[in-house]
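Notes for the one structure printed next.
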Amino acid sequence: MLKYRENNKILKTLKPKTGIINAILDTDTFNEIDDQFALVQMLFSKNRINTLSINAAPFSMNSRSDDPQKGMELSYDEIIRLLEKINFKKNNFVFKGSKEYVGFEKKPINSPAADNIIKSALEYSEDNPLYIISIGAITNVASAILKEPGIIKKIVVVWLGGNALYWPNNDEFNLKQDIGGSQVLFDSGVSLILVPCKGVTSHLISTVPEIEKYIEPQGKIGEFLAMRFKEYNNNHKGWSKEIWDMAAISWVLNEEWAPTNIVPSPILLDNKNWAFDENRHPVKIVYEIKRDLILQDFIEKLENFSK
């Protein structure tokens with residue numbers, strides 16, 4: 001295992017906090033079908049997570065959006081749609097994110113979402129940090145860090161992005177959309193739990209029969225989640241689908257469901273490859289997913305909600 005430079009303050013914040021934690025979710029909700037599951041999982045976990053707000057993240061580079069602003073707006077609308085399905089009403093709860101990416105210039109992009117992160121984080125401390133759970137491009141979070149570096153010591157970022165450090169390539173959707181923003185995150189010294197995709201959360205999958213039996217019967221929200229899952233692919237024979245983003249929420253719920261190693265913060269090169277330096281500050285990286293425990297917890301929470 002790679003060695004890392006000792007930093008007791010960061011190591012302290014990388015330990016999961018006990019009790020209820022305060023968190024913001026930063027999500028490109030319309031990009032796929034997994035953000036929807038993760039958002040519901042987070043809101044239904046009140047005994048562990050106090051969700052302060054939700055930020056819409058930009059996305060592009062696929063068939064659902066060819067422009068980051070369009071992706072962000074679609075995600076914002078999907079968040080509102082989901083909240084309506086569970087009759088969730090709260091003022092000043094959903095914030096629109098960046099209309100473009102930070103990019104290699106590493107200049108902050110102003111948005112209500114970035115300002116929401118800054119304003120919220122400044123109310124916290126090293127001993128009682130705010131958790132930012134990011135399951136999309138890291139643009140909103142990187143912009144907040146660039147705009148107000150003082151929040152670095154007041155937040156813990158849980159980011160689903162990049163592939164496992166041993167994976168033969170790092171061509172991962174969340175990371176590659178904003179390489180510059182991702183570099184800001186890894187270089188900032190912020191307390192970071194990295195949740196890789198290929199090689200780790202790619203094991204967090206479900207199938208149409210499982211969704212139809214356990215998710216779809218659970219009221220309006222179950223029907224909606226099942227619809228999103230099934231419409232992703234027209235051919236369901238022998239088909240399974242990753243629900244990647246639930247892994248980031250699951251680490252916060254119980255680190256035993258997403259166990260980690262401590263490594264030096266990886267260096268992200270402009271070509272998306274990883275490089276390593278043992279003198280870098282420590283971060284945690286998830287190396288395994290307990291798929292069954294995560295889905296069992298999610299299904300039970302859906303069942304309790306729909307009773």
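Each chain in the structure tokens gets a letter, A, B, ..., in the order shown, and its residues are numbered from 1; ligands are numbered from 1 in order too.
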
Stretch 212-294 of chain A residues near stretch 102-124 of chain A within 12 Å, closest pair each, using only C-alpha atoms, as CSV:
residue,atom,partner,partner_atom,distance
A:Leu268,CA,A:Phe104,CA,11.8
A:Leu269,CA,A:Phe104,CA,10.9
A:Asp270,CA,A:Phe104,CA,8.3
A:Asn271,CA,A:Phe104,CA,11.5

Please identify every residue of stretch 159-270 of chain A that has at least one atom no farther than 7 Å from an atom of stretch 125-135 of chain A, counting only C-alpha atoms, and for each give the shortest atom pair and the distance in Å to one decimal, arranged by chain then increasing number, as JSON lines.
{"residue": "A:Trp159", "atom": "CA", "partner": "A:Ser134", "partner_atom": "CA", "distance": 4.8}
{"residue": "A:Leu160", "atom": "CA", "partner": "A:Ile135", "partner_atom": "CA", "distance": 5.2}
{"residue": "A:Asp245", "atom": "CA", "partner": "A:Ile135", "partner_atom": "CA", "distance": 5.9}
{"residue": "A:Ala248", "atom": "CA", "partner": "A:Ile133", "partner_atom": "CA", "distance": 6.9}

Those selected residues, please, written with C-alpha atoms and delivered as an mmCIF file, in the first residue's frame.
data_model
loop_
_atom_site.group_PDB
_atom_site.id
_atom_site.type_symbol
_atom_site.label_atom_id
_atom_site.label_comp_id
_atom_site.auth_asym_id
_atom_site.auth_seq_id
_atom_site.Cartn_x
_atom_site.Cartn_y
_atom_site.Cartn_z
ATOM 1 C CA TRP A 159 -16.945 12.089 -4.278
ATOM 2 C CA LEU A 160 -17.912 9.366 -6.686
ATOM 3 C CA ASP A 245 -24.089 6.740 -6.961
ATOM 4 C CA ALA A 248 -21.246 7.479 -1.942
#

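Surrounding stretch 33-43 of chain A within 6 Å are Thr29, Ser45, Arg228, Phe229, Ile243, Asp245 and Met246 of chain A, with only C-alpha atoms counted and residues fewer than 2 positions along the same chain left out.
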
| query | Which value, in Å to one decimal, gives the distance between atom CA of A:Ile24 and atom CA of A:Ala247? | reply |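 Pair atom CA of A:Ile24 / atom CA of A:Ala247 returns 15.6 Å.
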
| query | Within 10 Å of A:Glu255, counting only C-alpha atoms, which residues qualify if same-chain residues fewer than 2 places away don't, as JSON, numbers by chain? | reply | {"A": [15, 16, 248, 249, 250, 251, 252, 253, 257, 258, 259, 260, 286, 289, 290]}

Would you put the residues from that selection into a file with N, CA and C atoms, as a compact mmCIF listing (two decimals), in the first residue's frame?
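The resulting file, out_37.txt, is shown below:
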# COMPACT_ATOMS: atom_id res chain seq x y z
N LYS A 15 -12.16 9.90 9.58
CA LYS A 15 -12.89 8.90 10.34
C LYS A 15 -14.37 9.24 10.32
N PRO A 16 -15.23 8.27 10.03
CA PRO A 16 -16.67 8.57 9.97
C PRO A 16 -17.16 9.14 11.30
N ALA A 248 -21.72 6.31 -2.70
CA ALA A 248 -21.25 7.48 -1.94
C ALA A 248 -22.11 7.71 -0.71
N ILE A 249 -23.42 7.59 -0.87
CA ILE A 249 -24.32 7.73 0.28
C ILE A 249 -24.07 6.61 1.27
N SER A 250 -23.83 5.42 0.75
CA SER A 250 -23.66 4.25 1.61
C SER A 250 -22.43 4.36 2.49
N TRP A 251 -21.35 4.97 1.98
CA TRP A 251 -20.17 5.15 2.83
C TRP A 251 -20.52 6.00 4.04
N VAL A 252 -21.30 7.04 3.82
CA VAL A 252 -21.70 7.91 4.93
C VAL A 252 -22.60 7.15 5.91
N LEU A 253 -23.48 6.30 5.39
CA LEU A 253 -24.38 5.54 6.25
C LEU A 253 -23.63 4.53 7.11
N TRP A 257 -20.03 -0.87 4.75
CA TRP A 257 -20.65 -1.21 3.46
C TRP A 257 -19.78 -0.76 2.29
N ALA A 258 -18.84 0.14 2.56
CA ALA A 258 -17.94 0.66 1.53
C ALA A 258 -16.57 0.90 2.16
N PRO A 259 -15.87 -0.18 2.53
CA PRO A 259 -14.61 -0.05 3.27
C PRO A 259 -13.53 0.65 2.45
N THR A 260 -12.58 1.25 3.16
CA THR A 260 -11.60 2.12 2.53
C THR A 260 -10.17 1.79 2.94
N VAL A 286 -12.39 4.12 -1.37
CA VAL A 286 -13.20 2.90 -1.22
C VAL A 286 -12.64 1.82 -2.13
N ILE A 289 -17.40 -2.84 -2.33
CA ILE A 289 -18.80 -2.47 -2.13
C ILE A 289 -19.56 -3.70 -1.63
N LYS A 290 -20.27 -3.55 -0.51
CA LYS A 290 -21.12 -4.62 0.01
C LYS A 290 -22.51 -4.43 -0.59

| request: Tell me, as a list in words, which residues lie within 6 Å of A:Val283, counting only C-alpha atoms; anything in the same chain fewer than 5 positions away does not count. | output: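 Contacts, with the query itself left out: Leu192, Ile262, Val263, Pro264 and Ser265 of chain A.
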
Could you please take those selected residues and save N, CA and C atoms as an mmCIF file, in the first residue's frame?
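Dumped to out31.cif:
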data_model
loop_
_atom_site.group_PDB
_atom_site.id
_atom_site.type_symbol
_atom_site.label_atom_id
_atom_site.label_comp_id
_atom_site.auth_asym_id
_atom_site.auth_seq_id
_atom_site.Cartn_x
_atom_site.Cartn_y
_atom_site.Cartn_z
ATOM 1 N N LEU A 192 -11.015 14.096 1.917
ATOM 2 C CA LEU A 192 -11.686 13.506 0.763
ATOM 3 C C LEU A 192 -11.830 12.003 0.922
ATOM 4 N N ILE A 262 -6.389 4.138 3.252
ATOM 5 C CA ILE A 262 -5.852 5.501 3.267
ATOM 6 C C ILE A 262 -4.622 5.527 2.363
ATOM 7 N N VAL A 263 -4.602 6.464 1.417
ATOM 8 C CA VAL A 263 -3.517 6.585 0.450
ATOM 9 C C VAL A 263 -3.170 8.057 0.291
ATOM 10 N N PRO A 264 -2.004 8.381 -0.282
ATOM 11 C CA PRO A 264 -1.734 9.778 -0.604
ATOM 12 C C PRO A 264 -2.685 10.243 -1.701
ATOM 13 N N SER A 265 -3.110 11.472 -1.604
ATOM 14 C CA SER A 265 -4.016 12.000 -2.615
ATOM 15 C C SER A 265 -3.403 11.805 -3.998
#

| task | Please provide as number ranges by chain all residues within 7 Å of stretch 50-65 of chain A, with the sequence filter that same-chain residues fewer than 2 positions apart are discarded (counting only C-alpha atoms). | result | A: 20-28, 31, 43, 46, 48, 67-72, 75-76, 93-99, 113, 136-137, 140

| Nearest to A:Lys12 by atom-to-atom distance, counting only C-alpha atoms, from A:Ala164, A:Leu293, A:Ile86, A:Val156 |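 Once distances to A:Lys12 are computed over only C-alpha atoms, the minimum belongs to A:Val156.
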
| task | Please measure the separation of atom CA of A:Glu148 and atom CA of A:Ser182, giving the value in Å to one decimal. | result | 16.6 Å

| said: If DSSP is run on the backbone, what residues of stretch 20-256 of chain A are helix (DSSP H, G or I)? A reply as a ChimeraX atom specification would be ideal. | reply: /A:34-43,68-85,112-121,139-147,149-154,173-177,179-187,201-203,208-215,219-231,246-253,255-256

Given the selection you just returned, output its residues as a file containing C-alpha atoms, formatted as a JSON list (two decimals), in the first residue's frame.
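Output below, filename result-v3.json:
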[["chain", "number", "residue", "atom", "x", "y", "z"],
["A", 34, "ASP", "CA", -28.55, 6.12, -10.19],
["A", 35, "ASP", "CA", -28.62, 9.69, -8.84],
["A", 36, "GLN", "CA", -32.36, 9.28, -8.32],
["A", 37, "PHE", "CA", -31.79, 6.20, -6.17],
["A", 38, "ALA", "CA", -29.01, 7.92, -4.22],
["A", 39, "LEU", "CA", -31.09, 11.05, -3.58],
["A", 40, "VAL", "CA", -33.99, 9.01, -2.21],
["A", 41, "GLN", "CA", -31.63, 6.87, -0.14],
["A", 42, "MET", "CA", -30.15, 10.01, 1.43],
["A", 43, "LEU", "CA", -33.50, 11.65, 2.22],
["A", 68, "PRO", "CA", -23.27, 21.62, -19.16],
["A", 69, "GLN", "CA", -25.93, 24.29, -18.57],
["A", 70, "LYS", "CA", -28.57, 22.14, -20.25],
["A", 71, "GLY", "CA", -27.51, 19.16, -18.13],
["A", 72, "MET", "CA", -27.66, 21.21, -14.96],
["A", 73, "GLU", "CA", -31.15, 22.52, -15.78],
["A", 74, "LEU", "CA", -32.38, 19.01, -16.59],
["A", 75, "SER", "CA", -30.94, 17.80, -13.30],
["A", 76, "TYR", "CA", -32.61, 20.62, -11.38],
["A", 77, "ASP", "CA", -35.96, 19.68, -12.89],
["A", 78, "GLU", "CA", -35.43, 16.02, -12.04],
["A", 79, "ILE", "CA", -34.66, 16.88, -8.42],
["A", 80, "ILE", "CA", -37.92, 18.80, -8.16],
["A", 81, "ARG", "CA", -39.75, 15.91, -9.83],
["A", 82, "LEU", "CA", -38.34, 13.44, -7.29],
["A", 83, "LEU", "CA", -39.19, 15.61, -4.31],
["A", 84, "GLU", "CA", -42.78, 15.85, -5.52],
["A", 85, "LYS", "CA", -43.00, 12.04, -5.63],
["A", 112, "PRO", "CA", -26.17, 29.54, -6.44],
["A", 113, "ALA", "CA", -24.89, 26.01, -5.73],
["A", 114, "ALA", "CA", -21.29, 27.13, -5.12],
["A", 115, "ASP", "CA", -22.51, 29.99, -2.93],
["A", 116, "ASN", "CA", -24.72, 27.54, -1.05],
["A", 117, "ILE", "CA", -21.71, 25.33, -0.29],
["A", 118, "ILE", "CA", -19.67, 28.31, 0.92],
["A", 119, "LYS", "CA", -22.40, 29.83, 3.05],
["A", 120, "SER", "CA", -23.25, 26.50, 4.63],
["A", 121, "ALA", "CA", -19.64, 25.40, 5.20],
["A", 139, "THR", "CA", -17.47, 21.64, -10.63],
["A", 140, "ASN", "CA", -19.72, 23.19, -7.96],
["A", 141, "VAL", "CA", -17.48, 21.94, -5.15],
["A", 142, "ALA", "CA", -14.24, 22.97, -6.87],
["A", 143, "SER", "CA", -15.68, 26.43, -7.56],
["A", 144, "ALA", "CA", -16.59, 26.83, -3.90],
["A", 145, "ILE", "CA", -13.08, 25.81, -2.83],
["A", 146, "LEU", "CA", -11.46, 28.20, -5.30],
["A", 147, "LYS", "CA", -13.77, 31.06, -4.33],
["A", 149, "PRO", "CA", -10.42, 28.38, 0.35],
["A", 150, "GLY", "CA", -11.28, 28.80, 4.03],
["A", 151, "ILE", "CA", -13.96, 26.13, 3.69],
["A", 152, "ILE", "CA", -11.33, 23.44, 3.05],
["A", 153, "LYS", "CA", -10.90, 22.86, 6.79],
["A", 154, "LYS", "CA", -14.65, 22.88, 7.41],
["A", 173, "PHE", "CA", -17.65, 10.29, -16.81],
["A", 174, "ASN", "CA", -17.73, 12.46, -13.67],
["A", 175, "LEU", "CA", -13.97, 13.03, -13.74],
["A", 176, "LYS", "CA", -13.39, 13.60, -17.45],
["A", 177, "GLN", "CA", -16.07, 16.30, -17.81],
["A", 179, "ILE", "CA", -10.48, 17.53, -15.37],
["A", 180, "GLY", "CA", -9.37, 20.94, -14.10],
["A", 181, "GLY", "CA", -12.02, 20.96, -11.40],
["A", 182, "SER", "CA", -11.04, 17.43, -10.41],
["A", 183, "GLN", "CA", -7.40, 18.52, -10.13],
["A", 184, "VAL", "CA", -8.48, 21.35, -7.82],
["A", 185, "LEU", "CA", -10.13, 18.80, -5.53],
["A", 186, "PHE", "CA", -7.16, 16.42, -5.33],
["A", 187, "ASP", "CA", -4.63, 19.23, -4.88],
["A", 201, "THR", "CA", -18.89, 0.69, -7.56],
["A", 202, "SER", "CA", -19.33, -1.17, -10.84],
["A", 203, "HIS", "CA", -20.23, -4.09, -8.53],
["A", 208, "VAL", "CA", -35.27, -5.65, -13.75],
["A", 209, "PRO", "CA", -36.76, -8.66, -11.89],
["A", 210, "GLU", "CA", -35.30, -7.40, -8.60],
["A", 211, "ILE", "CA", -36.49, -3.84, -9.25],
["A", 212, "GLU", "CA", -39.98, -5.02, -10.21],
["A", 213, "LYS", "CA", -40.33, -7.20, -7.11],
["A", 214, "TYR", "CA", -38.88, -4.93, -4.43],
["A", 215, "ILE", "CA", -38.83, -1.32, -5.72],
["A", 219, "GLY", "CA", -45.82, 3.78, -4.04],
["A", 220, "LYS", "CA", -45.24, 6.68, -6.43],
["A", 221, "ILE", "CA", -41.54, 6.89, -5.72],
["A", 222, "GLY", "CA", -41.06, 3.15, -6.26],
["A", 223, "GLU", "CA", -42.93, 3.33, -9.56],
["A", 224, "PHE", "CA", -40.83, 6.31, -10.65],
["A", 225, "LEU", "CA", -37.50, 4.69, -9.77],
["A", 226, "ALA", "CA", -38.53, 1.47, -11.51],
["A", 227, "MET", "CA", -39.57, 3.41, -14.60],
["A", 228, "ARG", "CA", -36.22, 5.23, -14.75],
["A", 229, "PHE", "CA", -34.34, 1.95, -14.29],
["A", 230, "LYS", "CA", -36.24, 0.00, -16.95],
["A", 231, "GLU", "CA", -36.32, 2.73, -19.59],
["A", 246, "MET", "CA", -25.68, 4.91, -4.03],
["A", 247, "ALA", "CA", -22.14, 3.93, -3.00],
["A", 248, "ALA", "CA", -21.25, 7.48, -1.94],
["A", 249, "ILE", "CA", -24.32, 7.73, 0.28],
["A", 250, "SER", "CA", -23.66, 4.25, 1.61],
["A", 251, "TRP", "CA", -20.17, 5.15, 2.83],
["A", 252, "VAL", "CA", -21.70, 7.91, 4.93],
["A", 253, "LEU", "CA", -24.38, 5.54, 6.25],
["A", 255, "GLU", "CA", -18.29, 2.59, 6.23],
["A", 256, "GLU", "CA", -18.45, -1.20, 6.58]]

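DSSP on the backbone gives strand (DSSP E or B) for these parts of stretch 42-80 of chain A: A:Ile49, A:Asn50, A:Thr51, A:Leu52, A:Ser53, A:Ile54, A:Asn55, A:Ala56, A:Asn62, A:Ser65.
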
| task | Considering only C-alpha atoms, state which residue in the set A:Lys17, A:Arg280, A:Lys272, A:Lys9 is at the smallest distance from A:Pro168. | result | A:Lys272
